[in-house]
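Student: Supplied in structure tokens, the structure appears directly below.
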Amino acid sequence: MAEFNNTNLADFSGVWVFCEQRQGELQPTVLELISEARKLADDMGVEVCGLLLGDKVEGMAKELGAYGADKVYVCDDPALATYTTDAYAKVICDVVMEKKPEIMLIAATNIGRDLGPRCAARLHTGLTADCTHLDVDVEKYIAFLKENSTLPEAQYASINKEDRNLKMTRPAFGGHLMATIICPRFRPQMATVRPGVLKKGEYNEEKANAVVVEKLPVAISEADIKTRVLEVVKEAKELVDLTGAEVVVSVGRGISKDVEKGIELAKELAAEFGGVLGGSRAAIDSGWLTADHQVGQTGKTVHPKLYIALGISGAIQHKAGMQDSECIVAVNKNDTAPIFDVADYGICGDLFKVVPLMIEAIRAAKAGK
Ligand SMILES: Cc1cc2nc3c(=O)[nH]c(=O)nc-3n(C[C@H](O)[C@H](O)[C@H](O)COP(=O)(O)OP(=O)(O)OC[C@H]3O[C@@H](n4cnc5c(N)ncnc54)[C@H](O)[C@@H]3O)c2cc1C
């Protein structure tokens with residue numbers, strides 16, 4: 001492996017996003033990352049670059065541009081058609097060593113969680129896994145710029161890069177506190193980010209047309225890849241799309257006295273809004289719903305237009321996955337349940353009595369009564 005000095009922070013520039021695609025389909029969470037990278041890069045006055053690996057994937061660059069990428073590096077090779085840890089880690093590390101980005105963001109998907117730590121270890125840098133918030137520490141940097149405003153711009157922009165660390169925030173100690181972590185001595189600063197926590201920006205056709213695409217040579221041989229993908233078997237079961245839903249109705253342990261009825265009521269209520277069914281971890285651990293329904297720190301992060309929590313106490317780990325919803329309605333028979341702290345509308349009562357009344361009222365409203 002080539003010599004790579006990543007302690008000279010001034011050599012590194014730009015916010016990069018690993019643009020995960022599977023079978024030629026860009027993962028939706030990548031657009032959330034590109035949108036966030038744009039904000040960070042604007043604060044720092046640098047470029048946003050997408051790093052796209054695959055076979056004949058160049059066509060995706062336009063969409064990345066539309067959400068904020070200035071440039072997309074494309075590594076096209078049949079050996080990259082399907083993800084393998086060896087091939088992807090090698091190609092990414094080669095490119096990073098050559099181009100030296102300051103920040104590298106990867107979605108915390110199954111692939112991202114595999115790839116991120118492998119690259120970070122090879123590049124001898126730090127990685128904060130499963131982040132829920134990102135920020136750049138620009139205060140000290142801006143103060144420095146003001147004090148040194150007589151310096152030529154190019155000079156001061158590189159001098160003080162050690163004072164603009166990426167602040168990577170993630171839940172710690174079972175979600176009881178949020179830890180903000182920095183990587184002050186090595187570059188790139190790497191983070192994997194939970195899908196669904198960052199908001200995708202607006203599509204911009206002008207930016208889509210302006211994106212610069214640079215194809216990079218791929219130096220990969222069979223000897224570099226120790227595994228071979230024989231077949232890709234897609235999950236046949238239909239999973240609930242919690243992150244994309246506009247309305248989520250979730251059930252918790254509060255349905256325990258009649259689980260079947262509780263789920264039926266929640267589904268009926270969700271159907272009135274064209275929404276989907278979610279659940280607390282208690283509902284999943286009890287085997288009432290499958291794991292793809294779980295909302296929260298170890299489940300999905302959702303921010304629908306409407307989130308209805310039925311018989312959910314509002315533990316910190318549950319709130320971590322839903323408190324950014326636009327409107328929260330909670331039904332709980334205990335008026336001190338913490339879910340009411342984040343609810344816009346709280347109904348204190350037995351969900352088995354309240355939900356049928358809600359459904360009736362919605363139907364009456366729809367019928368114009
Ligand atoms: C590391 C870690 C990660 C975790 N990740 C997650 C996660 O991703 N998602 C998650 O949800 N949890 C998670 N948890 C678990 C979390 O701490 C709580 O245990 C869980 O959220 C509780 O689920 P619940 O609110 O359904 O159950 P409970 O806390 O038991 O609450 C049930 C609620 O129902 C109400 N109720 C009972 N009967 C009725 C009725 N008939 N009508 C109306 N209300 C009624 C009760 O008043 C009560 O408030 C995690 C925990 C840890 C330690």
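Chain labels run A, B, ... following the order of the structure tokens; each chain numbers its residues from 1, and ligands are numbered from 1 in the order shown.
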Within 8 Å of Ala107 in chain A, counting only C-alpha atoms, which residues show up once you throw out same-chain ones fewer than 5 positions away? Write them as a PDB file with N, CA and C atoms, in the first residue's frame, please.
Tutor:
```
ATOM      1  N   PHE A  18     -20.064   8.358   0.205  1.00  0.00           N
ATOM      2  CA  PHE A  18     -20.046   7.090  -0.523  1.00  0.00           C
ATOM      3  C   PHE A  18     -21.475   6.842  -1.012  1.00  0.00           C
ATOM      4  N   GLU A  20     -23.944   4.618  -2.200  1.00  0.00           N
ATOM      5  CA  GLU A  20     -24.244   3.179  -2.278  1.00  0.00           C
ATOM      6  C   GLU A  20     -25.343   2.897  -3.294  1.00  0.00           C
ATOM      7  N   THR A  29     -31.169   6.667   0.905  1.00  0.00           N
ATOM      8  CA  THR A  29     -30.496   7.353   2.015  1.00  0.00           C
ATOM      9  C   THR A  29     -29.276   8.154   1.547  1.00  0.00           C
ATOM     10  N   VAL A  30     -28.722   7.789   0.384  1.00  0.00           N
ATOM     11  CA  VAL A  30     -27.567   8.516  -0.146  1.00  0.00           C
ATOM     12  C   VAL A  30     -27.935   9.984  -0.414  1.00  0.00           C
ATOM     13  N   LEU A  33     -27.711  11.977   2.646  1.00  0.00           N
ATOM     14  CA  LEU A  33     -26.313  12.282   2.976  1.00  0.00           C
ATOM     15  C   LEU A  33     -25.751  13.390   2.091  1.00  0.00           C
ATOM     16  N   GLY A 112     -22.840  -0.282   4.424  1.00  0.00           N
ATOM     17  CA  GLY A 112     -22.065   0.812   5.012  1.00  0.00           C
ATOM     18  C   GLY A 112     -21.417   0.424   6.327  1.00  0.00           C
ATOM     19  N   ARG A 113     -22.142  -0.349   7.129  1.00  0.00           N
ATOM     20  CA  ARG A 113     -21.596  -0.770   8.424  1.00  0.00           C
ATOM     21  C   ARG A 113     -20.445  -1.747   8.259  1.00  0.00           C
ATOM     22  N   THR A 192     -20.512   6.919   9.808  1.00  0.00           N
ATOM     23  CA  THR A 192     -21.669   6.276   9.192  1.00  0.00           C
ATOM     24  C   THR A 192     -22.909   6.930   9.826  1.00  0.00           C
ATOM     25  N   VAL A 193     -23.934   7.130   9.000  1.00  0.00           N
ATOM     26  CA  VAL A 193     -25.104   7.884   9.462  1.00  0.00           C
ATOM     27  C   VAL A 193     -26.359   7.036   9.287  1.00  0.00           C
ATOM     28  N   ARG A 194     -27.187   7.035  10.295  1.00  0.00           N
ATOM     29  CA  ARG A 194     -28.408   6.218  10.256  1.00  0.00           C
ATOM     30  C   ARG A 194     -29.333   6.665   9.130  1.00  0.00           C
ATOM     31  N   PRO A 195     -29.801   5.727   8.308  1.00  0.00           N
ATOM     32  CA  PRO A 195     -30.764   6.109   7.270  1.00  0.00           C
ATOM     33  C   PRO A 195     -32.010   6.722   7.911  1.00  0.00           C
TER      34      PRO A 195
END
```
Student: Per residue of chain A within 8 Å of ligand 1, which atom pair is closest and at what distance in Å (one decimal), using only C-alpha atoms and all ligand atoms, listed by chain and increasing number, as JSON lines?
Tutor:
```
{"residue": "A:Phe173", "atom": "CA", "partner": "ligand 1", "partner_atom_place_in_ligand_line": "1 (C)", "distance": 7.3}
{"residue": "A:Gly174", "atom": "CA", "partner": "ligand 1", "partner_atom_place_in_ligand_line": "1 (C)", "distance": 3.7}
{"residue": "A:Gly175", "atom": "CA", "partner": "ligand 1", "partner_atom_place_in_ligand_line": "1 (C)", "distance": 6.1}
{"residue": "A:Val251", "atom": "CA", "partner": "ligand 1", "partner_atom_place_in_ligand_line": "26 (O)", "distance": 6.7}
{"residue": "A:Gly252", "atom": "CA", "partner": "ligand 1", "partner_atom_place_in_ligand_line": "26 (O)", "distance": 3.1}
{"residue": "A:Arg253", "atom": "CA", "partner": "ligand 1", "partner_atom_place_in_ligand_line": "26 (O)", "distance": 3.9}
{"residue": "A:Gly254", "atom": "CA", "partner": "ligand 1", "partner_atom_place_in_ligand_line": "37 (C)", "distance": 3.4}
{"residue": "A:Ile255", "atom": "CA", "partner": "ligand 1", "partner_atom_place_in_ligand_line": "41 (N)", "distance": 6.0}
{"residue": "A:Ser256", "atom": "CA", "partner": "ligand 1", "partner_atom_place_in_ligand_line": "38 (N)", "distance": 7.0}
{"residue": "A:Lys257", "atom": "CA", "partner": "ligand 1", "partner_atom_place_in_ligand_line": "41 (N)", "distance": 7.2}
{"residue": "A:Gly279", "atom": "CA", "partner": "ligand 1", "partner_atom_place_in_ligand_line": "11 (O)", "distance": 6.8}
{"residue": "A:Ser280", "atom": "CA", "partner": "ligand 1", "partner_atom_place_in_ligand_line": "11 (O)", "distance": 3.4}
{"residue": "A:Arg281", "atom": "CA", "partner": "ligand 1", "partner_atom_place_in_ligand_line": "11 (O)", "distance": 4.0}
{"residue": "A:Ala282", "atom": "CA", "partner": "ligand 1", "partner_atom_place_in_ligand_line": "23 (O)", "distance": 4.3}
{"residue": "A:Ala283", "atom": "CA", "partner": "ligand 1", "partner_atom_place_in_ligand_line": "26 (O)", "distance": 5.9}
{"residue": "A:Gln294", "atom": "CA", "partner": "ligand 1", "partner_atom_place_in_ligand_line": "9 (N)", "distance": 6.1}
{"residue": "A:Val295", "atom": "CA", "partner": "ligand 1", "partner_atom_place_in_ligand_line": "9 (N)", "distance": 5.1}
{"residue": "A:Gly296", "atom": "CA", "partner": "ligand 1", "partner_atom_place_in_ligand_line": "8 (O)", "distance": 3.2}
{"residue": "A:Gln297", "atom": "CA", "partner": "ligand 1", "partner_atom_place_in_ligand_line": "8 (O)", "distance": 3.8}
{"residue": "A:Thr298", "atom": "CA", "partner": "ligand 1", "partner_atom_place_in_ligand_line": "8 (O)", "distance": 3.6}
{"residue": "A:Gly299", "atom": "CA", "partner": "ligand 1", "partner_atom_place_in_ligand_line": "8 (O)", "distance": 4.2}
{"residue": "A:Lys300", "atom": "CA", "partner": "ligand 1", "partner_atom_place_in_ligand_line": "8 (O)", "distance": 7.0}
{"residue": "A:Leu310", "atom": "CA", "partner": "ligand 1", "partner_atom_place_in_ligand_line": "43 (C)", "distance": 6.3}
{"residue": "A:Gly311", "atom": "CA", "partner": "ligand 1", "partner_atom_place_in_ligand_line": "34 (O)", "distance": 3.5}
{"residue": "A:Ile312", "atom": "CA", "partner": "ligand 1", "partner_atom_place_in_ligand_line": "25 (O)", "distance": 3.5}
{"residue": "A:Ser313", "atom": "CA", "partner": "ligand 1", "partner_atom_place_in_ligand_line": "49 (O)", "distance": 3.3}
{"residue": "A:Gly314", "atom": "CA", "partner": "ligand 1", "partner_atom_place_in_ligand_line": "25 (O)", "distance": 5.4}
{"residue": "A:Ala315", "atom": "CA", "partner": "ligand 1", "partner_atom_place_in_ligand_line": "21 (O)", "distance": 4.9}
{"residue": "A:Ile316", "atom": "CA", "partner": "ligand 1", "partner_atom_place_in_ligand_line": "17 (O)", "distance": 6.5}
{"residue": "A:Gln317", "atom": "CA", "partner": "ligand 1", "partner_atom_place_in_ligand_line": "6 (C)", "distance": 4.6}
{"residue": "A:His318", "atom": "CA", "partner": "ligand 1", "partner_atom_place_in_ligand_line": "11 (O)", "distance": 3.9}
{"residue": "A:Lys319", "atom": "CA", "partner": "ligand 1", "partner_atom_place_in_ligand_line": "11 (O)", "distance": 7.6}
{"residue": "A:Ala320", "atom": "CA", "partner": "ligand 1", "partner_atom_place_in_ligand_line": "8 (O)", "distance": 7.8}
{"residue": "A:Gly321", "atom": "CA", "partner": "ligand 1", "partner_atom_place_in_ligand_line": "8 (O)", "distance": 6.9}
{"residue": "A:Val331", "atom": "CA", "partner": "ligand 1", "partner_atom_place_in_ligand_line": "43 (C)", "distance": 5.7}
{"residue": "A:Asn332", "atom": "CA", "partner": "ligand 1", "partner_atom_place_in_ligand_line": "44 (N)", "distance": 3.5}
{"residue": "A:Lys333", "atom": "CA", "partner": "ligand 1", "partner_atom_place_in_ligand_line": "44 (N)", "distance": 4.2}
{"residue": "A:Asn334", "atom": "CA", "partner": "ligand 1", "partner_atom_place_in_ligand_line": "47 (O)", "distance": 4.4}
{"residue": "A:Asp335", "atom": "CA", "partner": "ligand 1", "partner_atom_place_in_ligand_line": "47 (O)", "distance": 7.9}
{"residue": "A:Ala337", "atom": "CA", "partner": "ligand 1", "partner_atom_place_in_ligand_line": "49 (O)", "distance": 5.2}
{"residue": "A:Pro338", "atom": "CA", "partner": "ligand 1", "partner_atom_place_in_ligand_line": "49 (O)", "distance": 7.8}
{"residue": "A:Ile339", "atom": "CA", "partner": "ligand 1", "partner_atom_place_in_ligand_line": "49 (O)", "distance": 7.8}
{"residue": "A:Cys348", "atom": "CA", "partner": "ligand 1", "partner_atom_place_in_ligand_line": "43 (C)", "distance": 7.5}
{"residue": "A:Gly349", "atom": "CA", "partner": "ligand 1", "partner_atom_place_in_ligand_line": "43 (C)", "distance": 5.7}
{"residue": "A:Asp350", "atom": "CA", "partner": "ligand 1", "partner_atom_place_in_ligand_line": "42 (N)", "distance": 3.6}
{"residue": "A:Leu351", "atom": "CA", "partner": "ligand 1", "partner_atom_place_in_ligand_line": "42 (N)", "distance": 3.9}
{"residue": "A:Phe352", "atom": "CA", "partner": "ligand 1", "partner_atom_place_in_ligand_line": "41 (N)", "distance": 6.0}
```
Student: Nearest residue to Ile359 in chain A out of A:Glu260, A:Ile92, A:Ala191, A:Lys267, using only C-alpha atoms?
Tutor: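 When distances to Ile359 in chain A are compared using only C-alpha atoms, the smallest one comes from A:Lys267.
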Student: Find the residue from A:Val96, A:Ala120, A:Ala309, A:Ala87 that sits nearest to Ser13 in chain A; use only C-alpha atoms when measuring.
Tutor: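 Distance minimum relative to Ser13 in chain A lands on A:Val96.
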Student: Can you tell me which residues surround Asp11 in chain A at a distance of at most 9 Å, considering only C-alpha atoms, apart from same-chain residues fewer than 4 positions away, and format the answer as a list in words?
Tutor: Asn6, Thr7, Lys100, Pro101, Glu102 and Ser158 of chain A
Student: DSSP on the backbone: what in range 3-34 of chain A comes out strand (DSSP E), as JSON, numbers by chain?
Tutor: {"A": [15, 16, 17, 18, 19, 21, 22, 25, 26]}
Student: Between CA of Val74 in chain A and CA of Leu52 in chain A, what is the distance, to one decimal in Å?
Tutor: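 Interatomic distance here is 4.9 Å.
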Student: Please provide as a compact mmCIF listing (two decimals) with C-alpha atoms, in the first residue's frame all residues within 6 Å of Leu277 in chain A, with the sequence filter that same-chain residues fewer than 5 positions apart are discarded (counting only C-alpha atoms).
Tutor:
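This went into around-v3.txt:
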```txt
# COMPACT_ATOMS: atom_id res chain seq x y z
CA VAL A 248 -47.16 5.91 10.85
CA VAL A 249 -49.44 4.36 13.49
CA SER A 250 -47.39 2.48 16.09
```
Student: Could you find all residues in range 103-320 of chain A that DSSP calls helix (DSSP H, G or I) from the backbone, and write them as a compact mmCIF listing (two decimals) with N, CA and C atoms, in the first residue's frame?
Tutor:
```
# COMPACT_ATOMS: atom_id res chain seq x y z
N ASN A 110 -26.50 -2.05 5.92
CA ASN A 110 -25.68 -3.24 6.18
C ASN A 110 -24.34 -3.13 5.47
N ILE A 111 -24.38 -2.64 4.22
CA ILE A 111 -23.14 -2.50 3.46
C ILE A 111 -22.25 -1.42 4.09
N GLY A 112 -22.84 -0.28 4.42
CA GLY A 112 -22.06 0.81 5.01
C GLY A 112 -21.42 0.42 6.33
N ARG A 113 -22.14 -0.35 7.13
CA ARG A 113 -21.60 -0.77 8.42
C ARG A 113 -20.44 -1.75 8.26
N ASP A 114 -20.44 -2.45 7.14
CA ASP A 114 -19.34 -3.38 6.85
C ASP A 114 -18.14 -2.62 6.27
N LEU A 115 -18.45 -1.71 5.37
CA LEU A 115 -17.41 -1.02 4.61
C LEU A 115 -16.69 0.07 5.43
N GLY A 116 -17.45 0.85 6.18
CA GLY A 116 -16.89 2.01 6.89
C GLY A 116 -15.72 1.65 7.79
N PRO A 117 -15.92 0.73 8.73
CA PRO A 117 -14.82 0.40 9.65
C PRO A 117 -13.61 -0.18 8.92
N ARG A 118 -13.86 -0.98 7.87
CA ARG A 118 -12.75 -1.58 7.12
C ARG A 118 -11.88 -0.48 6.50
N CYS A 119 -12.55 0.52 5.88
CA CYS A 119 -11.80 1.61 5.24
C CYS A 119 -11.08 2.45 6.32
N ALA A 120 -11.79 2.75 7.41
CA ALA A 120 -11.20 3.59 8.46
C ALA A 120 -9.93 2.93 9.01
N ALA A 121 -9.99 1.61 9.21
CA ALA A 121 -8.81 0.91 9.76
C ALA A 121 -7.65 0.98 8.77
N ARG A 122 -7.95 0.75 7.48
CA ARG A 122 -6.87 0.79 6.48
C ARG A 122 -6.28 2.19 6.33
N LEU A 123 -7.14 3.20 6.47
CA LEU A 123 -6.67 4.57 6.29
C LEU A 123 -6.10 5.14 7.58
N GLU A 139 -16.88 27.69 14.60
CA GLU A 139 -16.78 28.93 15.39
C GLU A 139 -15.34 29.41 15.52
N LYS A 140 -14.47 28.46 15.95
CA LYS A 140 -13.06 28.83 16.14
C LYS A 140 -12.44 29.21 14.79
N TYR A 141 -12.88 28.51 13.77
CA TYR A 141 -12.34 28.74 12.42
C TYR A 141 -12.71 30.15 11.94
N ILE A 142 -13.99 30.51 12.14
CA ILE A 142 -14.43 31.84 11.71
C ILE A 142 -13.71 32.93 12.51
N ALA A 143 -13.55 32.69 13.82
CA ALA A 143 -12.84 33.67 14.65
C ALA A 143 -11.43 33.86 14.13
N PHE A 144 -10.81 32.75 13.75
CA PHE A 144 -9.44 32.81 13.23
C PHE A 144 -9.40 33.63 11.93
N LEU A 145 -10.40 33.36 11.06
CA LEU A 145 -10.44 34.08 9.78
C LEU A 145 -10.56 35.58 10.01
N LYS A 146 -11.40 35.95 11.00
CA LYS A 146 -11.60 37.38 11.26
C LYS A 146 -10.30 38.02 11.73
N GLU A 147 -9.63 37.33 12.66
CA GLU A 147 -8.37 37.86 13.20
C GLU A 147 -7.29 37.97 12.13
N GLU A 153 -6.48 34.62 0.98
CA GLU A 153 -7.53 33.64 1.32
C GLU A 153 -7.04 32.19 1.30
N ALA A 154 -6.31 31.84 0.23
CA ALA A 154 -5.86 30.46 0.09
C ALA A 154 -4.99 30.05 1.27
N GLN A 155 -4.26 31.00 1.81
CA GLN A 155 -3.35 30.68 2.90
C GLN A 155 -4.12 30.40 4.20
N TYR A 156 -5.04 31.31 4.53
CA TYR A 156 -5.71 31.07 5.81
C TYR A 156 -6.70 29.92 5.74
N ALA A 157 -7.21 29.65 4.56
CA ALA A 157 -8.19 28.55 4.43
C ALA A 157 -7.55 27.21 4.78
N SER A 158 -6.24 27.08 4.50
CA SER A 158 -5.63 25.79 4.78
C SER A 158 -4.94 25.75 6.14
N ILE A 159 -4.54 26.91 6.65
CA ILE A 159 -3.76 26.92 7.89
C ILE A 159 -4.53 26.32 9.06
N LYS A 161 -7.23 24.39 9.48
CA LYS A 161 -8.22 23.34 9.32
C LYS A 161 -8.39 22.49 10.58
N GLU A 162 -7.36 22.48 11.43
CA GLU A 162 -7.50 21.68 12.66
C GLU A 162 -8.57 22.25 13.57
N ASP A 163 -8.96 23.49 13.31
CA ASP A 163 -10.00 24.08 14.14
C ASP A 163 -11.39 23.93 13.56
N PHE A 173 -24.53 4.85 25.74
CA PHE A 173 -25.07 4.26 26.97
C PHE A 173 -26.57 3.95 26.84
N GLY A 174 -26.87 3.15 25.84
CA GLY A 174 -28.25 2.69 25.65
C GLY A 174 -29.20 3.82 25.31
N GLY A 175 -28.66 4.91 24.77
CA GLY A 175 -29.52 6.02 24.34
C GLY A 175 -29.77 7.02 25.46
N GLU A 205 -32.93 20.84 -10.80
CA GLU A 205 -32.59 20.42 -12.17
C GLU A 205 -31.31 21.12 -12.67
N GLU A 206 -31.20 22.39 -12.31
CA GLU A 206 -30.03 23.15 -12.76
C GLU A 206 -28.74 22.54 -12.23
N LYS A 207 -28.78 22.18 -10.94
CA LYS A 207 -27.59 21.57 -10.33
C LYS A 207 -27.34 20.19 -10.92
N ALA A 208 -28.44 19.51 -11.25
CA ALA A 208 -28.29 18.16 -11.83
C ALA A 208 -27.50 18.25 -13.14
N ASN A 209 -27.78 19.29 -13.91
CA ASN A 209 -27.10 19.44 -15.20
C ASN A 209 -25.68 19.97 -15.05
N ALA A 210 -25.41 20.57 -13.88
CA ALA A 210 -24.09 21.21 -13.71
C ALA A 210 -23.06 20.26 -13.08
N GLU A 222 -8.40 -10.11 -9.60
CA GLU A 222 -9.12 -11.20 -8.92
C GLU A 222 -8.48 -11.54 -7.58
N ALA A 223 -7.15 -11.38 -7.52
CA ALA A 223 -6.44 -11.73 -6.29
C ALA A 223 -6.83 -10.81 -5.13
N ASP A 224 -7.35 -9.62 -5.46
CA ASP A 224 -7.74 -8.69 -4.40
C ASP A 224 -9.06 -9.11 -3.74
N ARG A 253 -46.64 -1.93 24.14
CA ARG A 253 -47.09 -2.97 25.07
C ARG A 253 -48.52 -2.73 25.57
N GLY A 254 -48.99 -1.48 25.36
CA GLY A 254 -50.35 -1.13 25.78
C GLY A 254 -51.44 -1.94 25.09
N ILE A 255 -51.11 -2.68 24.04
CA ILE A 255 -52.15 -3.51 23.39
C ILE A 255 -52.20 -4.91 23.98
N SER A 256 -51.41 -5.15 25.05
CA SER A 256 -51.20 -6.53 25.52
C SER A 256 -52.49 -7.25 25.95
N LYS A 257 -53.49 -6.52 26.38
CA LYS A 257 -54.67 -7.25 26.87
C LYS A 257 -55.45 -7.91 25.72
N ASP A 258 -55.30 -7.41 24.49
CA ASP A 258 -55.88 -8.09 23.31
C ASP A 258 -55.05 -7.68 22.09
N VAL A 259 -53.96 -8.43 21.91
CA VAL A 259 -52.98 -8.05 20.88
C VAL A 259 -53.60 -8.01 19.48
N GLU A 260 -54.36 -9.06 19.18
CA GLU A 260 -54.95 -9.13 17.84
C GLU A 260 -55.84 -7.92 17.55
N LYS A 261 -56.69 -7.60 18.54
CA LYS A 261 -57.61 -6.46 18.39
C LYS A 261 -56.82 -5.15 18.27
N GLY A 262 -55.78 -5.02 19.12
CA GLY A 262 -54.96 -3.80 19.12
C GLY A 262 -54.34 -3.56 17.76
N ILE A 263 -53.77 -4.63 17.17
CA ILE A 263 -53.12 -4.49 15.86
C ILE A 263 -54.16 -4.19 14.78
N GLU A 264 -55.30 -4.85 14.90
CA GLU A 264 -56.37 -4.62 13.91
C GLU A 264 -56.82 -3.16 13.95
N LEU A 265 -56.99 -2.61 15.16
CA LEU A 265 -57.41 -1.20 15.29
C LEU A 265 -56.36 -0.26 14.71
N ALA A 266 -55.08 -0.56 15.02
CA ALA A 266 -54.00 0.31 14.53
C ALA A 266 -53.95 0.28 13.00
N LYS A 267 -54.14 -0.93 12.43
CA LYS A 267 -54.12 -1.05 10.96
C LYS A 267 -55.28 -0.28 10.35
N GLU A 268 -56.42 -0.39 11.00
CA GLU A 268 -57.62 0.30 10.49
C GLU A 268 -57.42 1.82 10.52
N LEU A 269 -56.83 2.28 11.62
CA LEU A 269 -56.57 3.72 11.75
C LEU A 269 -55.55 4.17 10.70
N ALA A 270 -54.50 3.37 10.53
CA ALA A 270 -53.46 3.71 9.53
C ALA A 270 -54.08 3.76 8.14
N ALA A 271 -54.97 2.80 7.85
CA ALA A 271 -55.57 2.72 6.51
C ALA A 271 -56.37 3.98 6.18
N GLU A 272 -56.97 4.60 7.21
CA GLU A 272 -57.75 5.83 6.98
C GLU A 272 -56.88 6.93 6.37
N ARG A 281 -40.23 -1.35 20.58
CA ARG A 281 -39.43 -2.58 20.70
C ARG A 281 -40.15 -3.63 21.54
N ALA A 282 -40.94 -3.16 22.51
CA ALA A 282 -41.69 -4.11 23.34
C ALA A 282 -42.63 -4.94 22.45
N ALA A 283 -43.25 -4.28 21.46
CA ALA A 283 -44.17 -5.00 20.56
C ALA A 283 -43.41 -5.98 19.67
N ILE A 284 -42.20 -5.61 19.31
CA ILE A 284 -41.40 -6.50 18.43
C ILE A 284 -40.84 -7.66 19.26
N ASP A 285 -40.28 -7.32 20.45
CA ASP A 285 -39.69 -8.38 21.30
C ASP A 285 -40.74 -9.39 21.75
N ALA A 291 -39.50 -7.40 12.96
CA ALA A 291 -38.50 -6.37 13.29
C ALA A 291 -38.53 -5.16 12.36
N ASP A 292 -38.98 -5.35 11.10
CA ASP A 292 -38.99 -4.21 10.17
C ASP A 292 -40.01 -3.14 10.59
N HIS A 293 -40.86 -3.45 11.57
CA HIS A 293 -41.84 -2.46 12.05
C HIS A 293 -41.29 -1.58 13.18
N ILE A 316 -36.88 6.87 26.07
CA ILE A 316 -35.94 7.71 25.30
C ILE A 316 -35.53 7.03 23.99
N GLN A 317 -35.38 5.70 24.03
CA GLN A 317 -34.95 4.99 22.82
C GLN A 317 -36.06 4.96 21.77
N HIS A 318 -37.31 5.02 22.19
CA HIS A 318 -38.40 5.08 21.21
C HIS A 318 -38.48 6.50 20.64
N LYS A 319 -38.41 7.48 21.54
CA LYS A 319 -38.52 8.87 21.09
C LYS A 319 -37.41 9.22 20.09
```
Student: Can you pull out every residue within 10 Å of Leu40 in chain A, counting only C-alpha atoms, but drop anything in the same chain fewer than 3 positions away, and send it as a PDB file with C-alpha atoms, in the first residue's frame?
Tutor:
```pdb
ATOM      1  CA  GLY A  14     -13.964  18.416   0.593  1.00  0.00           C
ATOM      2  CA  VAL A  15     -16.967  16.577   1.968  1.00  0.00           C
ATOM      3  CA  ILE A  34     -25.612  14.370  -0.119  1.00  0.00           C
ATOM      4  CA  SER A  35     -28.077  17.034   1.112  1.00  0.00           C
ATOM      5  CA  GLU A  36     -26.390  17.117   4.520  1.00  0.00           C
ATOM      6  CA  ALA A  37     -22.920  17.155   2.952  1.00  0.00           C
ATOM      7  CA  ASP A  43     -20.221  26.105   6.126  1.00  0.00           C
ATOM      8  CA  MET A  44     -16.658  25.142   5.302  1.00  0.00           C
ATOM      9  CA  GLY A  45     -16.452  26.677   1.835  1.00  0.00           C
ATOM     10  CA  VAL A  46     -15.477  23.398   0.133  1.00  0.00           C
ATOM     11  CA  GLU A  47     -16.828  20.997  -2.512  1.00  0.00           C
ATOM     12  CA  VAL A  48     -19.252  18.077  -2.130  1.00  0.00           C
ATOM     13  CA  ILE A 103     -14.795  14.259   5.538  1.00  0.00           C
ATOM     14  CA  LEU A 134     -23.542  16.146  12.112  1.00  0.00           C
ATOM     15  CA  ASP A 135     -22.156  19.621  12.423  1.00  0.00           C
ATOM     16  CA  VAL A 136     -18.921  21.424  11.673  1.00  0.00           C
ATOM     17  CA  ASP A 137     -17.133  23.221  14.444  1.00  0.00           C
ATOM     18  CA  VAL A 138     -16.641  26.437  12.502  1.00  0.00           C
ATOM     19  CA  LEU A 166     -16.682  17.459  12.190  1.00  0.00           C
TER      20      LEU A 166
END
```
Student: Hey, can you check how far CA of Met190 in chain A sits from CA of Thr125 in chain A?
Tutor: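 Going from CA of Met190 in chain A over to CA of Thr125 in chain A, I get 7.6 Å.
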